[in-house]
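Data block for run08.pdb (PDB, C-alpha atoms, pLDDT in the B column):
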```pdb
ATOM      1  CA  MET A   1       0.000   0.000   0.000  1.00 46.00           C
ATOM      2  CA  ARG A   2       2.859   2.399   0.829  1.00 44.00           C
ATOM      3  CA  ALA A   3       4.530   1.893  -2.570  1.00 44.00           C
ATOM      4  CA  SER A   4       1.226   2.544  -4.255  1.00 40.00           C
ATOM      5  CA  SER A   5       0.670   5.908  -2.520  1.00 38.00           C
ATOM      6  CA  LEU A   6       4.269   6.939  -3.317  1.00 35.00           C
ATOM      7  CA  THR A   7       3.701   6.041  -6.964  1.00 34.00           C
ATOM      8  CA  VAL A   8       0.481   8.081  -7.033  1.00 34.00           C
ATOM      9  CA  ALA A   9       2.259  11.051  -5.391  1.00 35.00           C
ATOM     10  CA  ALA A  10       5.139  10.852  -7.882  1.00 36.00           C
ATOM     11  CA  LEU A  11       2.718  10.626 -10.802  1.00 33.00           C
ATOM     12  CA  ALA A  12       0.728  13.607  -9.503  1.00 35.00           C
ATOM     13  CA  ALA A  13       3.921  15.659  -9.126  1.00 35.00           C
ATOM     14  CA  ALA A  14       5.016  14.767 -12.654  1.00 35.00           C
ATOM     15  CA  LEU A  15       1.632  15.745 -14.075  1.00 31.00           C
ATOM     16  CA  LEU A  16       1.679  19.010 -12.160  1.00 32.00           C
ATOM     17  CA  LEU A  17       5.116  19.889 -13.527  1.00 30.00           C
ATOM     18  CA  THR A  18       4.157  19.070 -17.112  1.00 28.00           C
ATOM     19  CA  ALA A  19       0.964  21.126 -16.780  1.00 32.00           C
ATOM     20  CA  CYS A  20       2.998  24.274 -16.110  1.00 32.00           C
ATOM     21  CA  ASP A  21       3.307  26.263 -19.325  1.00 35.00           C
ATOM     22  CA  ASP A  22       5.577  29.277 -19.505  1.00 37.00           C
ATOM     23  CA  GLY A  23       3.880  30.563 -22.655  1.00 39.00           C
ATOM     24  CA  GLY A  24       7.002  29.763 -24.641  1.00 40.00           C
ATOM     25  CA  ASP A  25       7.478  27.958 -27.924  1.00 39.00           C
ATOM     26  CA  THR A  26       4.816  25.304 -28.417  1.00 40.00           C
ATOM     27  CA  GLY A  27       6.042  23.767 -31.643  1.00 40.00           C
ATOM     28  CA  GLN A  28       8.034  24.025 -34.801  1.00 41.00           C
ATOM     29  CA  ASP A  29       5.023  25.168 -36.856  1.00 45.00           C
ATOM     30  CA  ALA A  30       4.958  28.667 -35.340  1.00 47.00           C
ATOM     31  CA  LYS A  31       5.884  31.449 -37.736  1.00 49.00           C
ATOM     32  CA  ALA A  32       8.488  33.840 -36.434  1.00 50.00           C
ATOM     33  CA  GLY A  33       8.927  37.605 -36.494  1.00 47.00           C
ATOM     34  CA  THR A  34       8.241  39.275 -39.829  1.00 51.00           C
ATOM     35  CA  ASP A  35       6.447  36.203 -41.243  1.00 66.00           C
ATOM     36  CA  CYS A  36       3.415  36.796 -39.025  1.00 84.00           C
ATOM     37  CA  VAL A  37       3.771  40.229 -37.441  1.00 81.00           C
ATOM     38  CA  ALA A  38       1.273  41.743 -39.888  1.00 82.00           C
ATOM     39  CA  GLU A  39      -1.326  39.399 -38.384  1.00 87.00           C
ATOM     40  CA  LEU A  40      -0.817  40.770 -34.860  1.00 92.00           C
ATOM     41  CA  ALA A  41      -3.084  43.496 -33.487  1.00 93.00           C
ATOM     42  CA  VAL A  42      -1.548  45.893 -30.952  1.00 95.00           C
ATOM     43  CA  GLU A  43      -3.754  47.799 -28.483  1.00 95.00           C
ATOM     44  CA  PHE A  44      -2.563  50.514 -26.096  1.00 93.00           C
ATOM     45  CA  GLY A  45      -4.232  50.929 -22.652  1.00 88.00           C
ATOM     46  CA  PRO A  46      -6.372  51.467 -20.717  1.00 91.00           C
ATOM     47  CA  ALA A  47      -3.749  53.113 -18.567  1.00 92.00           C
ATOM     48  CA  ASN A  48      -3.232  53.622 -14.890  1.00 94.00           C
ATOM     49  CA  ALA A  49      -2.076  57.180 -15.574  1.00 94.00           C
ATOM     50  CA  ALA A  50       0.189  59.059 -13.168  1.00 95.00           C
ATOM     51  CA  PRO A  51      -1.929  61.907 -11.741  1.00 95.00           C
ATOM     52  CA  ALA A  52       0.858  64.334 -10.772  1.00 95.00           C
ATOM     53  CA  ALA A  53       4.558  65.058 -11.306  1.00 94.00           C
ATOM     54  CA  GLY A  54       6.707  62.442  -9.601  1.00 96.00           C
ATOM     55  CA  ASP A  55       3.963  59.790  -9.659  1.00 97.00           C
ATOM     56  CA  THR A  56       4.359  56.510 -11.543  1.00 97.00           C
ATOM     57  CA  GLY A  57       1.931  55.400 -14.234  1.00 97.00           C
ATOM     58  CA  ASN A  58       1.518  52.160 -16.168  1.00 97.00           C
ATOM     59  CA  VAL A  59       0.240  51.642 -19.685  1.00 97.00           C
ATOM     60  CA  PRO A  60      -0.508  48.043 -20.695  1.00 96.00           C
ATOM     61  CA  VAL A  61      -0.024  47.073 -24.329  1.00 96.00           C
ATOM     62  CA  THR A  62      -1.901  44.001 -25.571  1.00 96.00           C
ATOM     63  CA  VAL A  63      -0.822  41.962 -28.606  1.00 95.00           C
ATOM     64  CA  THR A  64      -3.414  39.632 -30.193  1.00 94.00           C
ATOM     65  CA  ASN A  65      -2.780  37.044 -32.907  1.00 94.00           C
ATOM     66  CA  ARG A  66      -5.535  37.588 -35.477  1.00 92.00           C
ATOM     67  CA  GLY A  67      -3.874  35.310 -38.030  1.00 87.00           C
ATOM     68  CA  GLY A  68      -4.597  31.704 -38.848  1.00 81.00           C
ATOM     69  CA  ALA A  69      -1.377  30.164 -37.508  1.00 88.00           C
ATOM     70  CA  GLU A  70       0.785  30.384 -34.428  1.00 91.00           C
ATOM     71  CA  CYS A  71       3.111  33.365 -34.306  1.00 92.00           C
ATOM     72  CA  ALA A  72       6.370  33.553 -32.354  1.00 91.00           C
ATOM     73  CA  LEU A  73       7.772  36.734 -30.850  1.00 92.00           C
ATOM     74  CA  ASP A  74      11.414  36.257 -29.921  1.00 92.00           C
ATOM     75  CA  GLY A  75      12.782  38.990 -27.664  1.00 93.00           C
ATOM     76  CA  LEU A  76      11.500  42.205 -26.146  1.00 95.00           C
ATOM     77  CA  PRO A  77       9.191  44.872 -27.525  1.00 95.00           C
ATOM     78  CA  THR A  78      10.666  48.338 -28.064  1.00 95.00           C
ATOM     79  CA  VAL A  79       9.005  51.660 -27.331  1.00 97.00           C
ATOM     80  CA  GLU A  80      10.008  55.149 -28.434  1.00 97.00           C
ATOM     81  CA  LEU A  81       8.430  58.358 -27.177  1.00 97.00           C
ATOM     82  CA  THR A  82       8.200  61.285 -29.580  1.00 96.00           C
ATOM     83  CA  ALA A  83       7.794  64.956 -28.621  1.00 93.00           C
ATOM     84  CA  ASP A  84       8.169  67.918 -30.983  1.00 88.00           C
ATOM     85  CA  GLY A  85      10.508  66.082 -33.363  1.00 87.00           C
ATOM     86  CA  THR A  86      12.569  64.502 -30.584  1.00 89.00           C
ATOM     87  CA  THR A  87      12.483  60.725 -30.268  1.00 94.00           C
ATOM     88  CA  ALA A  88      13.656  58.961 -27.110  1.00 95.00           C
ATOM     89  CA  ALA A  89      13.983  55.204 -26.646  1.00 96.00           C
ATOM     90  CA  VAL A  90      12.477  53.617 -23.541  1.00 97.00           C
ATOM     91  CA  ALA A  91      14.801  51.109 -21.876  1.00 95.00           C
ATOM     92  CA  PRO A  92      13.667  47.590 -20.972  1.00 95.00           C
ATOM     93  CA  ASP A  93      12.988  46.860 -17.286  1.00 93.00           C
ATOM     94  CA  GLN A  94      16.087  45.561 -15.572  1.00 89.00           C
ATOM     95  CA  GLY A  95      15.727  41.814 -15.596  1.00 84.00           C
ATOM     96  CA  ALA A  96      12.950  41.813 -18.227  1.00 85.00           C
ATOM     97  CA  PRO A  97      12.873  38.310 -19.699  1.00 80.00           C
ATOM     98  CA  ALA A  98      13.778  38.332 -23.408  1.00 86.00           C
ATOM     99  CA  ARG A  99      12.223  35.001 -24.238  1.00 87.00           C
ATOM    100  CA  LYS A 100      10.332  33.432 -27.084  1.00 91.00           C
ATOM    101  CA  THR A 101       6.573  33.877 -26.761  1.00 91.00           C
ATOM    102  CA  THR A 102       4.311  31.888 -29.065  1.00 92.00           C
ATOM    103  CA  LEU A 103       0.746  32.986 -29.704  1.00 92.00           C
ATOM    104  CA  ALA A 104      -1.862  30.591 -31.047  1.00 92.00           C
ATOM    105  CA  LYS A 105      -4.639  31.990 -33.245  1.00 92.00           C
ATOM    106  CA  GLY A 106      -6.713  34.357 -31.103  1.00 92.00           C
ATOM    107  CA  ALA A 107      -4.249  34.279 -28.178  1.00 94.00           C
ATOM    108  CA  THR A 108      -2.935  37.407 -26.485  1.00 94.00           C
ATOM    109  CA  THR A 109       0.128  38.516 -24.606  1.00 94.00           C
ATOM    110  CA  SER A 110       0.912  41.876 -23.058  1.00 95.00           C
ATOM    111  CA  PHE A 111       3.705  44.063 -21.801  1.00 95.00           C
ATOM    112  CA  THR A 112       3.718  47.189 -19.673  1.00 96.00           C
ATOM    113  CA  LEU A 113       5.174  50.637 -20.232  1.00 97.00           C
ATOM    114  CA  THR A 114       5.910  52.203 -16.833  1.00 97.00           C
ATOM    115  CA  TYR A 115       6.734  55.900 -16.612  1.00 97.00           C
ATOM    116  CA  VAL A 116       7.231  58.723 -14.128  1.00 97.00           C
ATOM    117  CA  ARG A 117       5.181  61.844 -14.765  1.00 97.00           C
ATOM    118  CA  GLY A 118       7.260  64.989 -15.218  1.00 95.00           C
ATOM    119  CA  GLU A 119       6.753  68.679 -14.580  1.00 90.00           C
ATOM    120  CA  ALA A 120       4.558  70.474 -17.111  1.00 82.00           C
ATOM    121  CA  SER A 121       7.073  73.328 -17.355  1.00 77.00           C
ATOM    122  CA  GLY A 122      10.839  73.379 -17.509  1.00 73.00           C
ATOM    123  CA  ASP A 123      13.331  71.158 -19.266  1.00 79.00           C
ATOM    124  CA  LYS A 124      13.121  68.114 -16.981  1.00 87.00           C
ATOM    125  CA  GLY A 125      10.268  66.511 -18.885  1.00 92.00           C
ATOM    126  CA  LEU A 126       9.341  65.245 -22.329  1.00 94.00           C
ATOM    127  CA  ALA A 127       5.954  66.485 -23.609  1.00 94.00           C
ATOM    128  CA  VAL A 128       5.193  63.233 -25.422  1.00 96.00           C
ATOM    129  CA  GLY A 129       2.781  63.317 -28.337  1.00 96.00           C
ATOM    130  CA  THR A 130       3.217  59.783 -29.681  1.00 96.00           C
ATOM    131  CA  ALA A 131       4.365  56.401 -28.391  1.00 97.00           C
ATOM    132  CA  LYS A 132       5.777  54.048 -31.026  1.00 96.00           C
ATOM    133  CA  VAL A 133       5.746  50.299 -30.368  1.00 96.00           C
ATOM    134  CA  ARG A 134       7.819  47.815 -32.367  1.00 95.00           C
ATOM    135  CA  LEU A 135       7.483  44.075 -31.869  1.00 94.00           C
ATOM    136  CA  PRO A 136      10.624  41.895 -31.940  1.00 92.00           C
ATOM    137  CA  GLY A 137      11.670  40.857 -35.428  1.00 84.00           C
ATOM    138  CA  SER A 138       9.612  43.590 -37.097  1.00 87.00           C
ATOM    139  CA  THR A 139      10.374  46.933 -38.690  1.00 88.00           C
ATOM    140  CA  GLU A 140       6.712  48.004 -38.531  1.00 90.00           C
ATOM    141  CA  THR A 141       5.751  50.437 -35.777  1.00 93.00           C
ATOM    142  CA  HIS A 142       2.378  50.827 -34.103  1.00 95.00           C
ATOM    143  CA  ASN A 143       1.837  54.488 -33.200  1.00 95.00           C
ATOM    144  CA  PHE A 144      -0.409  55.669 -30.366  1.00 95.00           C
ATOM    145  CA  LYS A 145      -1.410  59.135 -29.261  1.00 96.00           C
ATOM    146  CA  TRP A 146       0.057  59.796 -25.805  1.00 96.00           C
ATOM    147  CA  SER A 147      -2.459  61.398 -23.451  1.00 94.00           C
ATOM    148  CA  TYR A 148      -0.844  60.653 -20.090  1.00 94.00           C
ATOM    149  CA  GLY A 149       1.046  63.904 -19.484  1.00 93.00           C
ATOM    150  CA  VAL A 150       4.690  64.883 -19.574  1.00 95.00           C
ATOM    151  CA  VAL A 151       7.213  62.077 -18.985  1.00 97.00           C
ATOM    152  CA  ALA A 152      10.029  62.910 -16.570  1.00 96.00           C
ATOM    153  CA  LEU A 153      13.607  62.777 -17.821  1.00 95.00           C
ATOM    154  CA  LYS A 154      16.458  61.098 -15.959  1.00 94.00           C
ATOM    155  CA  SER A 155      19.388  63.144 -14.655  1.00 91.00           C
ATOM    156  CA  ASP A 156      21.047  63.200 -18.107  1.00 90.00           C
ATOM    157  CA  GLY A 157      18.170  65.388 -19.357  1.00 88.00           C
ATOM    158  CA  LYS A 158      17.618  63.163 -22.428  1.00 90.00           C
ATOM    159  CA  THR A 159      16.507  59.703 -21.307  1.00 94.00           C
ATOM    160  CA  PRO A 160      12.842  59.225 -20.349  1.00 96.00           C
ATOM    161  CA  ASP A 161      12.229  57.986 -16.817  1.00 97.00           C
ATOM    162  CA  ALA A 162      10.335  55.002 -18.182  1.00 97.00           C
ATOM    163  CA  SER A 163      10.773  51.290 -18.822  1.00 97.00           C
ATOM    164  CA  VAL A 164       9.214  48.441 -20.806  1.00 97.00           C
ATOM    165  CA  SER A 165       8.521  44.980 -19.368  1.00 96.00           C
ATOM    166  CA  GLY A 166       8.890  41.704 -21.220  1.00 94.00           C
ATOM    167  CA  PHE A 167       5.873  39.848 -22.598  1.00 93.00           C
ATOM    168  CA  GLN A 168       3.478  38.484 -19.978  1.00 89.00           C
ATOM    169  CA  ARG A 169       0.913  35.725 -20.392  1.00 74.00           C
ATOM    170  CA  SER A 170      -2.623  36.994 -20.790  1.00 65.00           C
ATOM    171  CA  GLY A 171      -5.625  34.960 -19.726  1.00 56.00           C
ATOM    172  CA  ASP A 172      -5.597  31.245 -19.017  1.00 48.00           C
TER     173      ASP A 172
END
```

Since I need it in another form, could you write the structure as structure tokens?
Amino acid sequence: MRASSLTVAALAAALLLTACDDGGDTGQDAKAGTDCVAELAVEFGPANAAPAAGDTGNVPVTVTNRGGAECALDGLPTVELTADGTTAAVAPDQGAPARKTTLAKGATTSFTLTYVRGEASGDKGLAVGTAKVRLPGSTETHNFKWSYGVVALKSDGKTPDASVSGFQRSGD
């Protein structure tokens, strides 16, 4: 009887481990990068906007596979903020996982743009008009009107006080 309960426990543990899915590559049939990026829809928001200078805000970005086959995104998304002809790249979060994310037809993934709101006047902020998102392996950008206020600049006066997370699983 004891061997039987140990066998059942080991089997249950094995099943539990194999049931864990990290959202990574699910097969060799997934298209990669530019082969399927045109079939991905990108949606910006709704945001948890920073209400005042010095506050932190978050803007989720959702990517949905509207194509007929799996699509693989390998790496991190990039975001650029544009203000009055100036374009500034947003750095990835420290430790953001640059992994392969495979989306089945109709599946979604998301990432988050986190920013610190800046002062409305002075030269310590970037009065952003547009956020440009580029998915890994693509040259196409998805442009969104920025309506979340001025983005603070880091001490160098050029780099936005903002970061981009890696892709996160959406829904289960």

- Item | the PyMOL selection byres ((chain A and resi 133-145) around 9) applied to the shown file, residues as a PyMOL selection string | chain A and resi 32-34+37-38+42-44+61+73-80+128-132+146-147

Could the residues in this selection be written to a file with C-alpha atoms, as a tab-separated table (two decimals), in the coordinates of the input?
```
chain	number	residue	atom	x	y	z
A	32	ALA	CA	8.49	33.84	-36.43
A	33	GLY	CA	8.93	37.60	-36.49
A	34	THR	CA	8.24	39.28	-39.83
A	37	VAL	CA	3.77	40.23	-37.44
A	38	ALA	CA	1.27	41.74	-39.89
A	42	VAL	CA	-1.55	45.89	-30.95
A	43	GLU	CA	-3.75	47.80	-28.48
A	44	PHE	CA	-2.56	50.51	-26.10
A	61	VAL	CA	-0.02	47.07	-24.33
A	73	LEU	CA	7.77	36.73	-30.85
A	74	ASP	CA	11.41	36.26	-29.92
A	75	GLY	CA	12.78	38.99	-27.66
A	76	LEU	CA	11.50	42.20	-26.15
A	77	PRO	CA	9.19	44.87	-27.52
A	78	THR	CA	10.67	48.34	-28.06
A	79	VAL	CA	9.01	51.66	-27.33
A	80	GLU	CA	10.01	55.15	-28.43
A	128	VAL	CA	5.19	63.23	-25.42
A	129	GLY	CA	2.78	63.32	-28.34
A	130	THR	CA	3.22	59.78	-29.68
A	131	ALA	CA	4.36	56.40	-28.39
A	132	LYS	CA	5.78	54.05	-31.03
A	146	TRP	CA	0.06	59.80	-25.80
A	147	SER	CA	-2.46	61.40	-23.45
```

- Task: Name the residues that the PyMOL selection byres ((chain A and resi 112) around 6) picks from the file above, as a VMD selection string, using the file's chain letters and numbers.
- Result: chain A and resid 59 to 61 111 113 164 to 165

As AutoDock Vina command-line options, please: the centre and edge lengths in Å, to one decimal, of an axis-aligned box enclosing every listed atom of region 83-87 of chain A with 6 Å added on each side.
```
--center_x 10.2 --center_y 64.3 --center_z -31.0 --size_x 16.8 --size_y 19.2 --size_z 16.7
```

- Query: When distances are computed from all atoms listed in the file, which of A:Leu153, A:Ala41, A:Thr101, A:Thr109 shows the smallest separation from Gly122 (chain A)?
  - Reply: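 The closest residue to Gly122 (chain A) is A:Leu153.
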
- Item | Nearest to Thr87 (chain A), chosen from A:Gly57, A:Pro160, A:Gly166, A:Gly45, with only C-alpha atoms counted in the distances |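 Closest to Thr87 (chain A) of all the choices is A:Pro160.
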
- Any idea what the distance is between CA of Val90 (chain A) and CA of Gly106 (chain A)?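 Computing the Euclidean distance for CA of Val90 (chain A) and CA of Gly106 (chain A) yields 28.2 Å.
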
I'd like the residues picked by the PyMOL selection byres ((chain A and resi 84) around 8) written out as a PDB file with C-alpha atoms, in the coordinates of the input, using the chain letters and numbers from the file.
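Once everything was written out, this is out.pdb:
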```
ATOM      1  CA  THR A  82       8.200  61.285 -29.580  1.00 96.00           C
ATOM      2  CA  ALA A  83       7.794  64.956 -28.621  1.00 93.00           C
ATOM      3  CA  GLY A  85      10.508  66.082 -33.363  1.00 87.00           C
ATOM      4  CA  THR A  86      12.569  64.502 -30.584  1.00 89.00           C
ATOM      5  CA  ALA A 127       5.954  66.485 -23.609  1.00 94.00           C
ATOM      6  CA  VAL A 128       5.193  63.233 -25.422  1.00 96.00           C
ATOM      7  CA  GLY A 129       2.781  63.317 -28.337  1.00 96.00           C
TER       8      GLY A 129
END
```

- Message: Please determine, counting all atoms listed in the file, which residue among A:Ala98, A:Cys71, A:Ala91, A:Ala49 has the shortest atom-to-atom distance to Gln168 (chain A).
- Response: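 Residue with the minimum atom-to-atom distance to Gln168 (chain A): A:Ala98.
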
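Counting from CA of Thr102 (chain A), the distance to CA of Ala89 (chain A) is 25.4 Å.
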
- When you draw a straight line from CA of Gly95 (chain A) to CA of Asn48 (chain A), how long is it in Å?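 Calculated distance between CA of Gly95 (chain A) and CA of Asn48 (chain A) is 22.3 Å.
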
- Query: Which is closest to Gly125 (chain A) among A:Gly67, A:Ala72, A:Ala47, A:Asp161, if we use all atoms listed in the file?
  - Reply: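 Among A:Gly67, A:Ala72, A:Ala47, A:Asp161, it is A:Asp161 that comes nearest to Gly125 (chain A).
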
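The closest residue to Ala52 (chain A), picked from A:Ala120, A:Leu126, A:Asp156, A:Arg169 and counting only C-alpha atoms, is A:Ala120.
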
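The protein and nucleic acid residues lying at most 7 Å from Ala107 (chain A) are A:Thr64, A:Asn65, A:Leu103, with all atoms listed in the file considered and sequence neighbours fewer than 4 positions away removed.
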
Can you sort out region 120-149 of chain A so it carries N, CA and C atoms, written as a JSON list (two decimals), in the coordinates of the input?
```json
[["chain", "number", "residue", "atom", "x", "y", "z"],
["A", 120, "ALA", "N", 5.14, 69.92, -15.89],
["A", 120, "ALA", "CA", 4.56, 70.47, -17.11],
["A", 120, "ALA", "C", 5.43, 71.59, -17.69],
["A", 121, "SER", "N", 6.19, 72.26, -16.85],
["A", 121, "SER", "CA", 7.07, 73.33, -17.36],
["A", 121, "SER", "C", 8.52, 72.98, -17.04],
["A", 122, "GLY", "N", 9.42, 73.64, -17.73],
["A", 122, "GLY", "CA", 10.84, 73.38, -17.51],
["A", 122, "GLY", "C", 11.39, 72.38, -18.50],
["A", 123, "ASP", "N", 12.66, 72.05, -18.32],
["A", 123, "ASP", "CA", 13.33, 71.16, -19.27],
["A", 123, "ASP", "C", 13.62, 69.77, -18.67],
["A", 124, "LYS", "N", 12.90, 69.41, -17.61],
["A", 124, "LYS", "CA", 13.12, 68.11, -16.98],
["A", 124, "LYS", "C", 12.05, 67.10, -17.36],
["A", 125, "GLY", "N", 11.31, 67.42, -18.44],
["A", 125, "GLY", "CA", 10.27, 66.51, -18.89],
["A", 125, "GLY", "C", 10.17, 66.48, -20.40],
["A", 126, "LEU", "N", 9.55, 65.43, -20.90],
["A", 126, "LEU", "CA", 9.34, 65.24, -22.33],
["A", 126, "LEU", "C", 7.84, 65.30, -22.57],
["A", 127, "ALA", "N", 7.38, 66.32, -23.31],
["A", 127, "ALA", "CA", 5.95, 66.48, -23.61],
["A", 127, "ALA", "C", 5.59, 65.55, -24.76],
["A", 128, "VAL", "N", 5.40, 64.29, -24.43],
["A", 128, "VAL", "CA", 5.19, 63.23, -25.42],
["A", 128, "VAL", "C", 3.89, 63.43, -26.18],
["A", 129, "GLY", "N", 3.97, 63.26, -27.49],
["A", 129, "GLY", "CA", 2.78, 63.32, -28.34],
["A", 129, "GLY", "C", 2.41, 61.95, -28.85],
["A", 130, "THR", "N", 3.44, 61.10, -29.10],
["A", 130, "THR", "CA", 3.22, 59.78, -29.68],
["A", 130, "THR", "C", 4.13, 58.75, -29.04],
["A", 131, "ALA", "N", 3.58, 57.56, -28.81],
["A", 131, "ALA", "CA", 4.36, 56.40, -28.39],
["A", 131, "ALA", "C", 4.41, 55.45, -29.58],
["A", 132, "LYS", "N", 5.59, 54.97, -29.90],
["A", 132, "LYS", "CA", 5.78, 54.05, -31.03],
["A", 132, "LYS", "C", 6.22, 52.70, -30.48],
["A", 133, "VAL", "N", 5.45, 51.65, -30.82],
["A", 133, "VAL", "CA", 5.75, 50.30, -30.37],
["A", 133, "VAL", "C", 6.22, 49.48, -31.56],
["A", 134, "ARG", "N", 7.31, 48.73, -31.34],
["A", 134, "ARG", "CA", 7.82, 47.82, -32.37],
["A", 134, "ARG", "C", 7.97, 46.44, -31.72],
["A", 135, "LEU", "N", 7.38, 45.45, -32.37],
["A", 135, "LEU", "CA", 7.48, 44.08, -31.87],
["A", 135, "LEU", "C", 8.80, 43.46, -32.33],
["A", 136, "PRO", "N", 9.35, 42.50, -31.56],
["A", 136, "PRO", "CA", 10.62, 41.90, -31.94],
["A", 136, "PRO", "C", 10.55, 41.24, -33.32],
["A", 137, "GLY", "N", 11.59, 41.45, -34.10],
["A", 137, "GLY", "CA", 11.67, 40.86, -35.43],
["A", 137, "GLY", "C", 10.92, 41.63, -36.49],
["A", 138, "SER", "N", 10.40, 42.81, -36.15],
["A", 138, "SER", "CA", 9.61, 43.59, -37.10],
["A", 138, "SER", "C", 10.20, 44.98, -37.28],
["A", 139, "THR", "N", 10.00, 45.54, -38.45],
["A", 139, "THR", "CA", 10.37, 46.93, -38.69],
["A", 139, "THR", "C", 9.15, 47.83, -38.62],
["A", 140, "GLU", "N", 7.97, 47.24, -38.59],
["A", 140, "GLU", "CA", 6.71, 48.00, -38.53],
["A", 140, "GLU", "C", 6.51, 48.58, -37.13],
["A", 141, "THR", "N", 6.07, 49.83, -37.07],
["A", 141, "THR", "CA", 5.75, 50.44, -35.78],
["A", 141, "THR", "C", 4.24, 50.63, -35.67],
["A", 142, "HIS", "N", 3.78, 50.56, -34.44],
["A", 142, "HIS", "CA", 2.38, 50.83, -34.10],
["A", 142, "HIS", "C", 2.40, 52.12, -33.29],
["A", 143, "ASN", "N", 1.79, 53.17, -33.83],
["A", 143, "ASN", "CA", 1.84, 54.49, -33.20],
["A", 143, "ASN", "C", 0.56, 54.76, -32.42],
["A", 144, "PHE", "N", 0.72, 55.35, -31.23],
["A", 144, "PHE", "CA", -0.41, 55.67, -30.37],
["A", 144, "PHE", "C", -0.28, 57.09, -29.85],
["A", 145, "LYS", "N", -1.39, 57.78, -29.82],
["A", 145, "LYS", "CA", -1.41, 59.14, -29.26],
["A", 145, "LYS", "C", -1.20, 59.03, -27.76],
["A", 146, "TRP", "N", -0.26, 59.80, -27.23],
["A", 146, "TRP", "CA", 0.06, 59.80, -25.80],
["A", 146, "TRP", "C", -0.81, 60.85, -25.13],
["A", 147, "SER", "N", -1.58, 60.45, -24.16],
["A", 147, "SER", "CA", -2.46, 61.40, -23.45],
["A", 147, "SER", "C", -2.28, 61.29, -21.93],
["A", 148, "TYR", "N", -1.08, 60.92, -21.50],
["A", 148, "TYR", "CA", -0.84, 60.65, -20.09],
["A", 148, "TYR", "C", 0.08, 61.68, -19.43],
["A", 149, "GLY", "N", 0.24, 62.84, -20.06],
["A", 149, "GLY", "CA", 1.05, 63.90, -19.48],
["A", 149, "GLY", "C", 2.52, 63.82, -19.86]]
```
